[in-house]
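Student: Supplied in structure tokens, the structure appears directly below.
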Amino acid sequence: MEHELRAEYIDGRAAADPRAEIKIWHVVREDGATTAMCGRELEGAAAARSTDDWGRPDVPMCHSCGALYLREQP
């Protein structure tokens, strides 16, 4: 299974909004998915990044997604 990190923005702003700031990163189960592992629906245009960045101190993560992600890792 290929996981990916996808952004949620502060104040619910759209990814295209120039004032959009990333609030937290969620984990989705496959590239391009918009439903986070915690159940939150994310914008299709939201920023995405590799799960290689999971656990870095400068990457604020959804705790629920993180816990579920760890359970799916070998």
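Ligands are numbered from 1 in the order shown, chains are lettered A, B, ... in the order of the structure tokens, and residues start at 1 in each chain.
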Got a sec: who's within 12 Å of region 55-63 of chain A, counting only C-alpha atoms, leaving out chain neighbours fewer than 5 positions off, as a short mmCIF file (atom, residue, chain, number, x, y, z; two decimals) with N, CA, C and O atoms, in the first residue's frame?
Tutor:
data_model
loop_
_atom_site.label_atom_id
_atom_site.label_comp_id
_atom_site.auth_asym_id
_atom_site.auth_seq_id
_atom_site.Cartn_x
_atom_site.Cartn_y
_atom_site.Cartn_z
N LEU A 5 1.32 11.94 2.45
CA LEU A 5 0.88 13.00 3.35
C LEU A 5 0.13 14.04 2.54
O LEU A 5 0.53 14.36 1.42
N ARG A 6 -0.98 14.55 3.09
CA ARG A 6 -1.77 15.58 2.41
C ARG A 6 -2.13 16.66 3.42
O ARG A 6 -2.43 16.39 4.57
N ALA A 7 -2.08 17.91 2.98
CA ALA A 7 -2.23 19.07 3.86
C ALA A 7 -3.69 19.43 4.16
O ALA A 7 -4.57 19.28 3.32
N GLU A 8 -3.88 19.94 5.39
CA GLU A 8 -5.12 20.61 5.79
C GLU A 8 -4.70 22.05 6.07
O GLU A 8 -3.66 22.28 6.69
N TYR A 9 -5.49 23.00 5.63
CA TYR A 9 -5.11 24.41 5.73
C TYR A 9 -5.81 25.12 6.89
O TYR A 9 -6.94 24.79 7.25
N ILE A 22 -0.47 25.87 5.83
CA ILE A 22 -0.73 24.50 6.24
C ILE A 22 -0.87 24.45 7.76
O ILE A 22 -0.02 24.95 8.50
N LYS A 23 -1.96 23.84 8.18
CA LYS A 23 -2.25 23.68 9.61
C LYS A 23 -1.64 22.36 10.11
O LYS A 23 -0.98 22.33 11.14
N ILE A 24 -1.91 21.29 9.35
CA ILE A 24 -1.49 19.96 9.79
C ILE A 24 -1.43 19.04 8.57
O ILE A 24 -2.10 19.28 7.57
N TRP A 25 -0.63 18.01 8.68
CA TRP A 25 -0.54 17.02 7.62
C TRP A 25 -1.29 15.76 8.05
O TRP A 25 -1.19 15.33 9.20
N HIS A 26 -2.02 15.19 7.12
CA HIS A 26 -2.76 13.95 7.34
C HIS A 26 -2.14 12.87 6.47
O HIS A 26 -1.44 13.16 5.50
N VAL A 27 -2.43 11.61 6.78
CA VAL A 27 -1.97 10.49 5.96
C VAL A 27 -3.16 9.95 5.18
O VAL A 27 -4.24 9.73 5.75
N VAL A 28 -2.97 9.77 3.87
CA VAL A 28 -3.96 9.10 3.03
C VAL A 28 -3.36 7.77 2.58
O VAL A 28 -2.14 7.62 2.55
N ALA A 36 -8.48 11.26 4.53
CA ALA A 36 -7.39 10.94 5.44
C ALA A 36 -7.72 9.68 6.23
O ALA A 36 -8.89 9.30 6.36
N MET A 37 -6.73 9.06 6.79
CA MET A 37 -6.94 7.86 7.59
C MET A 37 -7.81 8.15 8.81
O MET A 37 -8.52 7.26 9.27
N CYS A 38 -7.81 9.38 9.29
CA CYS A 38 -8.65 9.76 10.43
C CYS A 38 -10.09 10.03 10.02
O CYS A 38 -10.95 10.25 10.86
N GLY A 39 -10.37 10.04 8.70
CA GLY A 39 -11.71 10.26 8.20
C GLY A 39 -11.96 11.65 7.65
O GLY A 39 -12.99 11.89 7.01
N ARG A 40 -11.05 12.59 7.88
CA ARG A 40 -11.25 13.95 7.39
C ARG A 40 -11.15 13.98 5.86
O ARG A 40 -10.28 13.35 5.27
N ARG A 49 2.97 15.31 0.06
CA ARG A 49 4.40 15.01 0.20
C ARG A 49 4.57 13.56 0.60
O ARG A 49 3.63 12.89 0.99
N SER A 50 5.77 13.08 0.51
CA SER A 50 6.09 11.69 0.79
C SER A 50 5.96 11.39 2.29
O SER A 50 6.23 12.23 3.14
N LEU A 68 -2.64 5.38 13.15
CA LEU A 68 -3.14 4.39 12.19
C LEU A 68 -2.07 4.03 11.16
O LEU A 68 -1.92 2.86 10.79
N TYR A 69 -1.31 5.02 10.73
CA TYR A 69 -0.22 4.79 9.77
C TYR A 69 0.81 3.82 10.35
O TYR A 69 1.23 2.87 9.69
N LEU A 70 1.18 4.04 11.61
CA LEU A 70 2.18 3.15 12.24
C LEU A 70 1.71 1.71 12.30
O LEU A 70 2.50 0.78 12.17
#
Student: Quick one: of A:Glu21, A:Ala15, A:Glu30, A:Arg71, who's nearest to Thr51 (chain A), counting only C-alpha atoms?
Tutor: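 The answer is A:Glu30, which sits nearest to Thr51 (chain A).
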Student: Find the residue from A:Gln73, A:Gly32, A:Ala47, A:Glu2 that sits nearest to Ala16 (chain A); use only C-alpha atoms when measuring.
Tutor: A:Ala47
Student: Could you tell me how far CA of Glu41 (chain A) sits from CA of Gly12 (chain A), in Å to one decimal place?
Tutor: 11.4 Å
Student: Using DSSP secondary structure from the backbone, list all strand (DSSP E or B) positions within chain A, as a JSON list (two decimals) with C-alpha atoms, in the first residue's frame.
Tutor:
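The result, stored in selection36.json:
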[["chain", "number", "residue", "atom", "x", "y", "z"],
["A", 4, "GLU", "CA", 1.06, 9.89, 1.15],
["A", 5, "LEU", "CA", 0.88, 13.00, 3.35],
["A", 6, "ARG", "CA", -1.77, 15.58, 2.41],
["A", 7, "ALA", "CA", -2.23, 19.07, 3.86],
["A", 8, "GLU", "CA", -5.12, 20.61, 5.79],
["A", 9, "TYR", "CA", -5.11, 24.41, 5.73],
["A", 22, "ILE", "CA", -0.73, 24.50, 6.24],
["A", 23, "LYS", "CA", -2.25, 23.68, 9.61],
["A", 24, "ILE", "CA", -1.49, 19.96, 9.79],
["A", 25, "TRP", "CA", -0.54, 17.02, 7.62],
["A", 26, "HIS", "CA", -2.76, 13.95, 7.34],
["A", 27, "VAL", "CA", -1.97, 10.49, 5.96],
["A", 28, "VAL", "CA", -3.96, 9.10, 3.03],
["A", 35, "THR", "CA", -9.89, 10.94, 2.59],
["A", 36, "ALA", "CA", -7.39, 10.94, 5.44],
["A", 41, "GLU", "CA", -12.04, 14.90, 3.80],
["A", 48, "ALA", "CA", 1.07, 16.42, -0.87],
["A", 49, "ARG", "CA", 4.40, 15.01, 0.20],
["A", 61, "MET", "CA", 1.05, 15.61, 11.94]]
Student: In Å, how far is it from CA of His3 (chain A) to CA of Asp53 (chain A)?
Tutor: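 Between CA of His3 (chain A) and CA of Asp53 (chain A) the gap works out to 11.5 Å.
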Student: Please indicate the distance in Å from CA of Leu42 (chain A) to CA of Arg29 (chain A), rounded to one decimal place.
Tutor: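 Result for CA of Leu42 (chain A) versus CA of Arg29 (chain A): 12.7 Å, one decimal.
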